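J.: You'll find entry-v1.json just under this line, and it carries JSON, C-alpha atoms.
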[["chain", "number", "residue", "atom", "x", "y", "z"],
["A", 79, "MET", "CA", -142.03, -37.64, -57.31],
["A", 80, "ILE", "CA", -144.67, -39.12, -55.00],
["A", 81, "ARG", "CA", -142.01, -40.91, -52.95],
["A", 82, "ARG", "CA", -139.98, -37.69, -52.64],
["A", 83, "ALA", "CA", -143.07, -35.76, -51.50],
["A", 84, "VAL", "CA", -143.82, -38.39, -48.85],
["A", 85, "LEU", "CA", -140.24, -38.23, -47.53],
["A", 86, "ILE", "CA", -140.39, -34.44, -47.31],
["A", 87, "ALA", "CA", -143.68, -34.62, -45.44],
["A", 88, "LEU", "CA", -142.32, -37.20, -43.01],
["A", 89, "ALA", "CA", -139.30, -35.01, -42.29],
["A", 90, "TRP", "CA", -141.61, -32.39, -40.77],
["A", 91, "LEU", "CA", -143.33, -34.84, -38.41],
["A", 92, "PRO", "CA", -142.21, -34.71, -34.77],
["A", 93, "ALA", "CA", -139.95, -37.53, -33.69],
["A", 94, "LEU", "CA", -141.71, -40.31, -31.84],
["A", 95, "SER", "CA", -140.83, -40.41, -28.16],
["A", 96, "ALA", "CA", -138.80, -43.38, -26.99],
["A", 97, "ALA", "CA", -139.81, -42.80, -23.38],
["A", 98, "HIS", "CA", -141.30, -45.80, -21.63],
["A", 99, "ILE", "CA", -142.65, -46.24, -18.09],
["A", 100, "GLU", "CA", -143.34, -49.48, -16.23],
["A", 101, "LEU", "CA", -144.26, -50.71, -12.80],
["A", 102, "VAL", "CA", -141.36, -52.41, -10.98],
["A", 103, "ALA", "CA", -142.56, -52.78, -7.38],
["A", 104, "GLY", "CA", -145.78, -52.50, -5.39],
["A", 105, "GLY", "CA", -149.38, -53.04, -6.29],
["A", 106, "GLY", "CA", -149.84, -56.36, -4.49],
["A", 107, "ASP", "CA", -150.85, -57.51, -1.01],
["A", 108, "ALA", "CA", -147.78, -59.50, 0.06],
["A", 109, "GLN", "CA", -145.14, -58.80, 2.69],
["A", 110, "PRO", "CA", -141.35, -58.69, 2.07],
["A", 111, "GLY", "CA", -140.20, -62.08, 0.90],
["A", 112, "ALA", "CA", -142.54, -61.93, -2.09],
["A", 113, "ARG", "CA", -141.61, -60.79, -5.59],
["A", 114, "PRO", "CA", -141.42, -56.97, -6.06],
["A", 115, "LEU", "CA", -144.70, -56.70, -8.00],
["A", 116, "ALA", "CA", -146.51, -58.69, -5.32],
["A", 117, "LEU", "CA", -145.43, -56.36, -2.49],
["A", 118, "ARG", "CA", -147.84, -54.23, -0.56],
["A", 119, "LEU", "CA", -145.90, -50.99, -0.13],
["A", 120, "VAL", "CA", -147.01, -48.32, 2.33],
["A", 121, "GLU", "CA", -146.23, -44.81, 1.04],
["A", 122, "PRO", "CA", -142.74, -45.37, -0.38],
["A", 123, "PHE", "CA", -140.76, -42.13, -0.43],
["A", 124, "GLY", "CA", -137.24, -43.04, -1.53],
["A", 125, "VAL", "CA", -135.14, -45.53, -3.51],
["A", 126, "ASP", "CA", -131.40, -46.02, -3.98],
["A", 127, "TYR", "CA", -128.93, -48.66, -5.21],
["A", 128, "ASP", "CA", -125.80, -50.26, -3.78],
["A", 129, "ALA", "CA", -122.68, -51.24, -5.71],
["A", 130, "SER", "CA", -123.89, -54.83, -6.14],
["A", 131, "GLY", "CA", -127.10, -53.83, -7.91],
["A", 132, "ASN", "CA", -129.41, -54.36, -4.94],
["A", 133, "TRP", "CA", -131.97, -51.62, -4.53],
["A", 134, "TYR", "CA", -133.72, -50.37, -1.45],
["A", 135, "ILE", "CA", -137.12, -48.81, -0.77],
["A", 136, "ILE", "CA", -137.80, -46.60, 2.25],
["A", 137, "GLU", "CA", -141.40, -46.14, 3.34],
["A", 138, "PHE", "CA", -142.72, -43.06, 5.10],
["A", 139, "ALA", "CA", -145.93, -44.45, 6.58],
["A", 140, "GLY", "CA", -144.71, -48.06, 6.72],
["A", 141, "ASN", "CA", -141.50, -47.13, 8.58],
["A", 142, "ARG", "CA", -139.73, -49.93, 6.71],
["A", 143, "LEU", "CA", -136.57, -50.38, 4.67],
["A", 144, "ILE", "CA", -136.96, -53.10, 2.04],
["A", 145, "GLN", "CA", -134.17, -54.66, -0.03],
["A", 146, "VAL", "CA", -134.68, -55.96, -3.59],
["A", 147, "THR", "CA", -131.92, -58.08, -5.11],
["A", 148, "PRO", "CA", -131.09, -58.17, -8.84],
["A", 149, "ARG", "CA", -132.87, -61.56, -8.90],
["A", 150, "GLY", "CA", -136.07, -59.98, -7.57],
["A", 151, "GLU", "CA", -135.85, -61.34, -4.04],
["A", 152, "THR", "CA", -137.16, -59.00, -1.34],
["A", 153, "SER", "CA", -136.48, -58.79, 2.39],
["A", 154, "LEU", "CA", -137.09, -56.44, 5.31],
["A", 155, "LEU", "CA", -133.94, -54.75, 6.63],
["A", 156, "ALA", "CA", -135.27, -52.26, 9.18],
["A", 157, "SER", "CA", -138.51, -51.22, 10.82],
["A", 158, "ALA", "CA", -139.91, -50.08, 14.17],
["A", 159, "GLU", "CA", -136.87, -47.92, 15.06],
["A", 160, "LEU", "CA", -137.61, -45.56, 12.18],
["A", 161, "ARG", "CA", -140.01, -42.63, 12.52],
["A", 162, "GLU", "CA", -141.53, -41.52, 9.22],
["A", 163, "PRO", "CA", -138.31, -41.59, 7.16],
["A", 164, "HIS", "CA", -138.24, -39.64, 3.92],
["A", 165, "GLY", "CA", -135.23, -40.83, 1.95],
["A", 166, "ILE", "CA", -132.02, -42.83, 1.67],
["A", 167, "ALA", "CA", -128.55, -42.43, 0.14],
["A", 168, "ILE", "CA", -126.01, -45.23, -0.34],
["A", 169, "THR", "CA", -122.23, -44.98, -0.72],
["A", 170, "ARG", "CA", -120.19, -47.25, -2.93],
["A", 171, "ASP", "CA", -118.49, -48.72, 0.15],
["A", 172, "GLY", "CA", -121.79, -49.98, 1.54],
["A", 173, "ARG", "CA", -123.06, -47.34, 3.94],
["A", 174, "LEU", "CA", -126.80, -46.69, 3.72],
["A", 175, "PHE", "CA", -127.88, -43.37, 5.22],
["A", 176, "ILE", "CA", -131.52, -42.77, 6.18],
["A", 177, "ALA", "CA", -133.33, -39.45, 6.53],
["A", 178, "ASP", "CA", -135.01, -40.53, 9.78],
["A", 179, "THR", "CA", -137.21, -37.48, 9.76],
["A", 180, "HIS", "CA", -139.04, -37.33, 13.04],
["A", 181, "ASN", "CA", -136.21, -38.92, 14.99],
["A", 182, "ASN", "CA", -134.33, -35.76, 13.94],
["A", 183, "ARG", "CA", -131.35, -37.74, 12.80],
["A", 184, "VAL", "CA", -129.55, -39.44, 9.96],
["A", 185, "GLY", "CA", -129.53, -43.18, 10.54],
["A", 186, "LEU", "CA", -126.82, -45.48, 9.23],
["A", 187, "ILE", "CA", -127.00, -49.12, 8.17],
["A", 188, "THR", "CA", -123.77, -50.86, 7.23],
["A", 189, "LEU", "CA", -124.86, -53.25, 4.51],
["A", 190, "ARG", "CA", -122.41, -55.95, 5.63],
["A", 191, "SER", "CA", -124.03, -56.23, 9.05],
["A", 192, "HIS", "CA", -127.48, -54.67, 8.52],
["A", 193, "ALA", "CA", -127.15, -53.02, 11.95],
["A", 194, "LEU", "CA", -128.95, -49.67, 12.32],
["A", 195, "THR", "CA", -127.12, -46.94, 14.26],
["A", 196, "SER", "CA", -127.32, -43.15, 14.49],
["A", 197, "PHE", "CA", -124.86, -41.31, 12.26],
["A", 198, "ALA", "CA", -125.88, -37.68, 12.70],
["A", 199, "GLY", "CA", -128.12, -35.94, 15.21],
["A", 200, "THR", "CA", -128.76, -36.45, 18.89],
["A", 201, "GLY", "CA", -132.42, -37.29, 18.37],
["A", 202, "ALA", "CA", -133.55, -34.10, 20.10],
["A", 203, "ALA", "CA", -135.05, -31.41, 17.85],
["A", 204, "GLY", "CA", -132.94, -28.26, 17.65],
["A", 205, "TYR", "CA", -130.23, -26.41, 15.79],
["A", 206, "ALA", "CA", -126.66, -26.86, 16.98],
["A", 207, "GLY", "CA", -123.36, -28.41, 16.11],
["A", 208, "ASP", "CA", -121.88, -26.60, 13.12],
["A", 209, "GLY", "CA", -118.13, -27.09, 13.17],
["A", 210, "GLY", "CA", -118.47, -30.17, 15.34],
["A", 211, "ALA", "CA", -119.07, -33.90, 15.00],
["A", 212, "ALA", "CA", -122.21, -35.07, 13.24],
["A", 213, "ASN", "CA", -123.36, -37.32, 16.09],
["A", 214, "ALA", "CA", -123.36, -34.34, 18.48],
["A", 215, "ALA", "CA", -125.28, -31.98, 16.17],
["A", 216, "ALA", "CA", -128.95, -31.11, 16.46],
["A", 217, "PHE", "CA", -131.44, -31.16, 13.57],
["A", 218, "LYS", "CA", -135.13, -30.44, 13.37],
["A", 219, "GLY", "CA", -136.85, -32.55, 10.75],
["A", 220, "VAL", "CA", -134.39, -34.37, 8.47],
["A", 221, "PHE", "CA", -136.56, -34.39, 5.35],
["A", 222, "ALA", "CA", -134.03, -35.33, 2.68],
["A", 223, "ILE", "CA", -130.44, -36.38, 2.27],
["A", 224, "ALA", "CA", -128.19, -36.60, -0.80],
["A", 225, "LEU", "CA", -124.61, -37.47, -1.62],
["A", 226, "ASP", "CA", -122.52, -35.47, -4.05],
["A", 227, "PRO", "CA", -121.33, -37.49, -7.07],
["A", 228, "ALA", "CA", -117.84, -37.94, -5.57],
["A", 229, "GLN", "CA", -119.46, -39.08, -2.29],
["A", 230, "ARG", "CA", -117.30, -36.75, -0.24],
["A", 231, "ASN", "CA", -120.24, -34.95, 1.35],
["A", 232, "LEU", "CA", -123.69, -35.82, 2.63],
["A", 233, "TYR", "CA", -126.22, -32.98, 2.31],
["A", 234, "ILE", "CA", -129.21, -32.66, 4.61],
["A", 235, "ALA", "CA", -132.45, -30.73, 4.13],
["A", 236, "ASP", "CA", -132.94, -29.58, 7.74],
["A", 237, "LEU", "CA", -136.39, -28.29, 6.92],
["A", 238, "SER", "CA", -137.71, -26.93, 10.22],
["A", 239, "ASN", "CA", -134.42, -25.12, 10.77],
["A", 240, "ARG", "CA", -134.73, -23.68, 7.24],
["A", 241, "ARG", "CA", -131.21, -24.73, 6.41],
["A", 242, "ILE", "CA", -129.25, -27.02, 4.11],
["A", 243, "ARG", "CA", -126.44, -28.64, 6.04],
["A", 244, "ARG", "CA", -123.46, -30.70, 4.98],
["A", 245, "ILE", "CA", -121.44, -33.46, 6.60],
["A", 246, "ASP", "CA", -117.87, -33.99, 5.37],
["A", 247, "LEU", "CA", -117.66, -37.78, 5.24],
["A", 248, "ALA", "CA", -113.88, -37.74, 5.74],
["A", 249, "THR", "CA", -114.09, -35.82, 9.03],
["A", 250, "ASN", "CA", -117.79, -36.20, 9.98],
["A", 251, "LEU", "CA", -117.88, -32.44, 10.67],
["A", 252, "VAL", "CA", -121.11, -30.46, 10.10],
["A", 253, "SER", "CA", -121.53, -27.09, 8.38],
["A", 254, "THR", "CA", -124.38, -25.01, 6.95],
["A", 255, "VAL", "CA", -124.46, -24.54, 3.16],
["A", 256, "ALA", "CA", -127.63, -22.44, 2.82],
["A", 257, "GLY", "CA", -130.14, -20.74, 5.09],
["A", 258, "ASN", "CA", -129.79, -18.51, 8.12],
["A", 259, "GLY", "CA", -132.87, -19.87, 9.89],
["A", 260, "GLU", "CA", -135.16, -17.05, 8.79],
["A", 261, "LYS", "CA", -138.10, -17.48, 6.43],
["A", 262, "GLY", "CA", -137.88, -15.58, 3.16],
["A", 263, "VAL", "CA", -136.74, -15.48, -0.44],
["A", 264, "PRO", "CA", -132.96, -15.18, -0.85],
["A", 265, "ALA", "CA", -131.60, -12.38, -3.04],
["A", 266, "ASP", "CA", -129.88, -13.60, -6.19],
["A", 267, "GLY", "CA", -126.12, -13.50, -5.74],
["A", 268, "SER", "CA", -126.22, -13.34, -1.95],
["A", 269, "MET", "CA", -124.19, -15.70, 0.21],
["A", 270, "ALA", "CA", -126.37, -18.74, 0.69],
["A", 271, "ALA", "CA", -125.45, -19.43, 4.31],
["A", 272, "GLU", "CA", -126.36, -15.85, 5.26],
["A", 273, "SER", "CA", -129.68, -15.80, 3.37],
["A", 274, "PRO", "CA", -133.23, -16.83, 4.30],
["A", 275, "LEU", "CA", -135.04, -19.82, 2.82],
["A", 276, "THR", "CA", -138.76, -20.53, 2.74],
["A", 277, "ASP", "CA", -138.83, -24.25, 3.52],
["A", 278, "PRO", "CA", -136.05, -26.38, 2.00],
["A", 279, "ARG", "CA", -137.66, -29.79, 1.46],
["A", 280, "ALA", "CA", -134.94, -31.49, -0.60],
["A", 281, "VAL", "CA", -131.36, -31.12, -1.78],
["A", 282, "ALA", "CA", -129.17, -32.52, -4.56],
["A", 283, "ALA", "CA", -125.64, -31.87, -5.80],
["A", 284, "ASP", "CA", -124.12, -32.13, -9.26],
["A", 285, "ALA", "CA", -120.63, -32.95, -10.52],
["A", 286, "ARG", "CA", -119.77, -29.27, -10.99],
["A", 287, "GLY", "CA", -120.10, -28.49, -7.30],
["A", 288, "ASN", "CA", -123.55, -26.91, -7.49],
["A", 289, "VAL", "CA", -126.06, -27.65, -4.74],
["A", 290, "TYR", "CA", -129.76, -27.51, -5.68],
["A", 291, "VAL", "CA", -132.38, -26.62, -3.08],
["A", 292, "LEU", "CA", -136.06, -27.45, -3.61],
["A", 293, "GLU", "CA", -138.61, -25.51, -1.58],
["A", 294, "ARG", "CA", -141.96, -27.11, -0.82],
["A", 295, "GLY", "CA", -144.13, -24.15, 0.23],
["A", 296, "GLY", "CA", -141.98, -21.68, -1.68],
["A", 297, "ASN", "CA", -142.58, -23.71, -4.86],
["A", 298, "ALA", "CA", -139.10, -22.82, -5.98],
["A", 299, "LEU", "CA", -135.82, -24.31, -7.16],
["A", 300, "ARG", "CA", -132.63, -22.57, -6.07],
["A", 301, "ARG", "CA", -128.96, -23.23, -6.76],
["A", 302, "VAL", "CA", -125.92, -22.64, -4.59],
["A", 303, "ASP", "CA", -122.80, -22.31, -6.75],
["A", 304, "PRO", "CA", -119.34, -23.59, -5.72],
["A", 305, "ASN", "CA", -118.54, -20.10, -4.37],
["A", 306, "GLY", "CA", -121.48, -20.30, -1.97],
["A", 307, "ARG", "CA", -123.77, -17.82, -3.72],
["A", 308, "ILE", "CA", -127.46, -18.61, -4.21],
["A", 309, "ARG", "CA", -129.74, -17.95, -7.16],
["A", 310, "THR", "CA", -133.40, -18.76, -7.85],
["A", 311, "LEU", "CA", -133.93, -20.87, -10.99],
["A", 312, "ILE", "CA", -137.67, -21.55, -10.73],
["A", 313, "ALA", "CA", -140.07, -19.19, -8.97],
["A", 314, "PRO", "CA", -143.88, -18.99, -8.80],
["A", 315, "GLY", "CA", -145.36, -17.51, -11.99],
["A", 316, "GLN", "CA", -142.38, -18.45, -14.14],
["A", 317, "PHE", "CA", -143.77, -21.65, -15.69],
["A", 318, "THR", "CA", -147.19, -23.17, -16.35],
["A", 319, "PRO", "CA", -148.10, -24.93, -14.24],
["A", 320, "ASN", "CA", -146.21, -23.55, -11.27],
["A", 321, "LEU", "CA", -144.43, -26.03, -9.06],
["A", 322, "ASN", "CA", -146.96, -27.15, -6.46],
["A", 323, "GLY", "CA", -145.63, -28.61, -3.24],
["A", 324, "PRO", "CA", -142.58, -30.28, -4.82],
["A", 325, "LYS", "CA", -141.04, -32.91, -2.56],
["A", 326, "HIS", "CA", -137.81, -34.28, -4.00],
["A", 327, "LEU", "CA", -135.21, -33.86, -6.70],
["A", 328, "CYS", "CA", -132.11, -35.45, -8.19],
["A", 329, "THR", "CA", -129.60, -34.67, -10.93],
["A", 330, "ASP", "CA", -129.07, -36.97, -13.90],
["A", 331, "ARG", "CA", -125.90, -37.82, -15.82],
["A", 332, "GLN", "CA", -126.28, -34.73, -18.01],
["A", 333, "GLY", "CA", -126.52, -32.46, -14.98],
["A", 334, "ARG", "CA", -130.24, -31.84, -15.47],
["A", 335, "VAL", "CA", -132.51, -31.53, -12.45],
["A", 336, "ILE", "CA", -135.50, -33.86, -12.05],
["A", 337, "ILE", "CA", -138.28, -32.79, -9.69],
["A", 338, "ALA", "CA", -141.03, -34.78, -7.99],
["A", 339, "ASP", "CA", -143.75, -32.14, -8.33],
["A", 340, "ALA", "CA", -146.01, -33.92, -5.87],
["A", 341, "GLU", "CA", -149.16, -31.81, -5.64],
["A", 342, "ASN", "CA", -149.25, -31.43, -9.44],
["A", 343, "ASN", "CA", -148.96, -35.24, -9.72],
["A", 344, "LEU", "CA", -146.09, -34.76, -12.18],
["A", 345, "VAL", "CA", -142.40, -35.49, -12.58],
["A", 346, "ARG", "CA", -140.59, -32.64, -14.34],
["A", 347, "LEU", "CA", -137.14, -31.94, -15.74],
["A", 348, "TYR", "CA", -135.33, -28.62, -15.46],
["A", 349, "ASP", "CA", -132.38, -28.09, -17.82],
["A", 350, "PRO", "CA", -129.85, -25.58, -16.41],
["A", 351, "ALA", "CA", -128.28, -25.24, -19.85],
["A", 352, "ASN", "CA", -131.30, -23.38, -21.28],
["A", 353, "GLY", "CA", -133.59, -22.74, -18.30],
["A", 354, "SER", "CA", -136.40, -24.92, -19.65],
["A", 355, "LEU", "CA", -138.87, -27.01, -17.65],
["A", 356, "ARG", "CA", -140.79, -29.92, -19.14],
["A", 357, "THR", "CA", -142.93, -32.79, -17.93],
["A", 358, "LEU", "CA", -141.50, -36.32, -17.97],
["A", 359, "ALA", "CA", -144.39, -38.26, -16.44],
["A", 360, "GLY", "CA", -147.93, -37.74, -15.24],
["A", 361, "THR", "CA", -151.12, -36.16, -16.57],
["A", 362, "GLY", "CA", -151.51, -33.53, -13.86],
["A", 363, "LYS", "CA", -154.46, -35.36, -12.32],
["A", 364, "PRO", "CA", -154.20, -37.99, -9.57],
["A", 365, "GLY", "CA", -154.80, -41.53, -10.70],
["A", 366, "ILE", "CA", -153.28, -44.99, -10.97],
["A", 367, "THR", "CA", -153.57, -45.99, -14.65],
["A", 368, "VAL", "CA", -150.44, -46.85, -16.67],
["A", 369, "VAL", "CA", -151.31, -46.40, -20.35],
["A", 370, "ASN", "CA", -149.27, -48.54, -22.75],
["A", 371, "GLY", "CA", -146.01, -47.49, -21.11],
["A", 372, "ASP", "CA", -146.57, -43.88, -22.15],
["A", 373, "PRO", "CA", -145.30, -41.68, -19.27],
["A", 374, "LEU", "CA", -147.34, -38.65, -20.33],
["A", 375, "ARG", "CA", -150.58, -40.66, -20.28],
["A", 376, "THR", "CA", -149.72, -42.49, -17.09],
["A", 377, "GLU", "CA", -151.32, -41.18, -13.91],
["A", 378, "LEU", "CA", -149.38, -40.49, -10.73],
["A", 379, "ASN", "CA", -150.59, -39.76, -7.21],
["A", 380, "ARG", "CA", -148.34, -37.43, -5.22],
["A", 381, "PRO", "CA", -144.90, -38.74, -6.24],
["A", 382, "HIS", "CA", -142.38, -38.08, -3.46],
["A", 383, "GLY", "CA", -139.12, -39.45, -4.81],
["A", 384, "VAL", "CA", -136.94, -39.48, -7.92],
["A", 385, "THR", "CA", -133.65, -41.39, -8.29],
["A", 386, "ILE", "CA", -131.29, -42.19, -11.14],
["A", 387, "ALA", "CA", -130.58, -45.93, -11.38],
["A", 388, "PRO", "CA", -127.06, -47.17, -12.25],
["A", 389, "ASP", "CA", -128.13, -47.72, -15.88],
["A", 390, "GLY", "CA", -129.46, -44.15, -16.17],
["A", 391, "ALA", "CA", -133.17, -44.99, -15.82],
["A", 392, "LEU", "CA", -135.31, -42.72, -13.68],
["A", 393, "ILE", "CA", -136.96, -44.38, -10.68],
["A", 394, "ILE", "CA", -140.15, -42.70, -9.43],
["A", 395, "THR", "CA", -141.67, -43.38, -6.03],
["A", 396, "ASP", "CA", -145.36, -42.92, -6.76],
["A", 397, "SER", "CA", -146.12, -42.55, -3.09],
["A", 398, "TYR", "CA", -149.89, -42.41, -2.79],
["A", 399, "ASN", "CA", -150.24, -45.21, -5.32],
["A", 400, "HIS", "CA", -147.87, -47.23, -3.09],
["A", 401, "ARG", "CA", -145.68, -48.28, -6.00],
["A", 402, "ILE", "CA", -142.33, -47.80, -7.77],
["A", 403, "LEU", "CA", -142.12, -46.92, -11.48],
["A", 404, "ARG", "CA", -139.17, -47.02, -13.88],
["A", 405, "LEU", "CA", -138.85, -44.50, -16.72],
["A", 406, "THR", "CA", -136.42, -44.93, -19.62],
["A", 407, "GLY", "CA", -135.77, -43.02, -22.82],
["A", 408, "TYR", "CA", -136.67, -39.63, -21.41]]
Can you turn what I pasted into structure tokens?
T.:
Amino acid sequence: MIRRAVLIALAWLPALSAAHIELVAGGGDAQPGARPLALRLVEPFGVDYDASGNWYIIEFAGNRLIQVTPRGETSLLASAELREPHGIAITRDGRLFIADTHNNRVGLITLRSHALTSFAGTGAAGYAGDGGAANAAAFKGVFAIALDPAQRNLYIADLSNRRIRRIDLATNLVSTVAGNGEKGVPADGSMAAESPLTDPRAVAADARGNVYVLERGGNALRRVDPNGRIRTLIAPGQFTPNLNGPKHLCTDRQGRVIIADAENNLVRLYDPANGSLRTLAGTGKPGITVVNGDPLRTELNRPHGVTIAPDGALIITDSYNHRILRLTGY
């Protein structure tokens, strides 16, 4: 009877979390060429992986692109030509796109040659080029880029133009997906390309053809459906805490949306299936301590990037701590 009572009591206990967080790069004083944990990173903002398992770190303040091999060897691929880049996206055929923010362009590195060229944008700030070639278009602050899962399209958060734009990678033609250039909150159900946006800081696409738009000052998450209609999923006052200056997002294998909620010093997960929002990592206060691999006791400092690794782990660019973290079991 005692054993049965114990089993019944245990059945009511909450399941122990299997989530685990660890440091994978940054925290040292060394230059590229050293091991990942010995690197001195300078405000990393984005990470992505190529088909061979190499991963790449783009730095905002450092203006560097760093490669890390599966064996833990690091090297510098690009610097100097970049101007405060905010993110990267890599195709399976070895093209690495860079959100070269204040050069008002999307840069391109072909991983076979490591040569950096301009893929989209003239370099001059402006808004022009829809319907035409990407290299003749004008952008004003390329703050984020993202590929759709099929890698047919590259999406661009053209923040200062208050638009989300798309490049068809088969034709290299540019179009606008959301935003009419005016500042405002779009009406639910309106056509996204004809509607205002507050300040689209980041973009991501899922396998169902939805495009997610994250607004920094608007503290909102919006979704453009495959028919081009926009809807607000997260708005101020809807959750506690509100989003606070969110900077980046991605979608995971289940189609959930992960948000780098930078000014809250949190990483959060929004589930479109039930409309819930929960915290994956961070305490809500800025700090640097990693506590026994527990993501909810680990401190972050203005995380600016979230990426899903090939094995499904979540990679967090903990920007103001100048480090990269890896979260599993979330």
J.: To one decimal in Å, tell me the separation between CA of Thr406 in chain A and CA of Ile336 in chain A.
T.: 13.4 Å
J.: In Å, rounded to a single decimal, give me how far CA of Asn132 in chain A is from CA of Thr152 in chain A.
T.: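 So the answer is 9.7 Å.
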J.: What's the separation between CA of Asp246 in chain A and CA of Gln229 in chain A, in Å to one decimal place?
T.: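 Computing it gives 9.3 Å between the two atoms.
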J.: Excluding same-chain residues fewer than 5 positions from range 349-355 of chain A, what lies within 8 Å of it counting all atoms listed in the file, as a list in words?
T.: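 What passes the distance filter is Leu311, Phe317, Gly333, Arg334 and Val335 of chain A.
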J.: Those residues with C-alpha atoms, as a compact mmCIF listing (two decimals), in the coordinates of the input please?
T.:
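The resulting file, again32.txt, is reproduced below:
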# COMPACT_ATOMS: atom_id res chain seq x y z
CA LEU A 311 -133.93 -20.87 -10.99
CA PHE A 317 -143.77 -21.65 -15.69
CA GLY A 333 -126.52 -32.46 -14.98
CA ARG A 334 -130.24 -31.84 -15.47
CA VAL A 335 -132.51 -31.53 -12.45
J.: With distances taken over all atoms listed in the file, which of A:Asn258, A:Leu154, A:Gly131, A:His98 is nearest to Gly111 in chain A?
T.: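 Checking each candidate against Gly111 in chain A, we get A:Leu154 as the closest.
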J.: If I put a ball of radius 9 Å at (-132.9, -39.1, 6.5) in the file's coordinates, which residues poke into it when counting all atoms listed in the file, written as a PyMOL selection string?
T.: chain A and resi 163-167+175-179+182-185+219-223+234-235
J.: Identify which of the residues A:Leu275, A:Arg331, A:Leu237, A:Val255 lies closest to Asn305 in chain A, counting all atoms listed in the file when measuring atom-to-atom distances.
T.: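 The shortest atom-to-atom distance to Asn305 in chain A comes from A:Val255.
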J.: Need the shell around range 285-296 of chain A: protein/DNA/RNA residues with any atom at most 7 Å away, counting only C-alpha atoms. Skip same-chain ones fewer than 6 positions apart. Format as a list in words?
T.: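 Here the qualifying residues turn out to be Pro227, Thr276, Asp277, Pro278, Arg279, Val302, Asp303, Pro304, Gly323, Pro324 and Lys325 of chain A.
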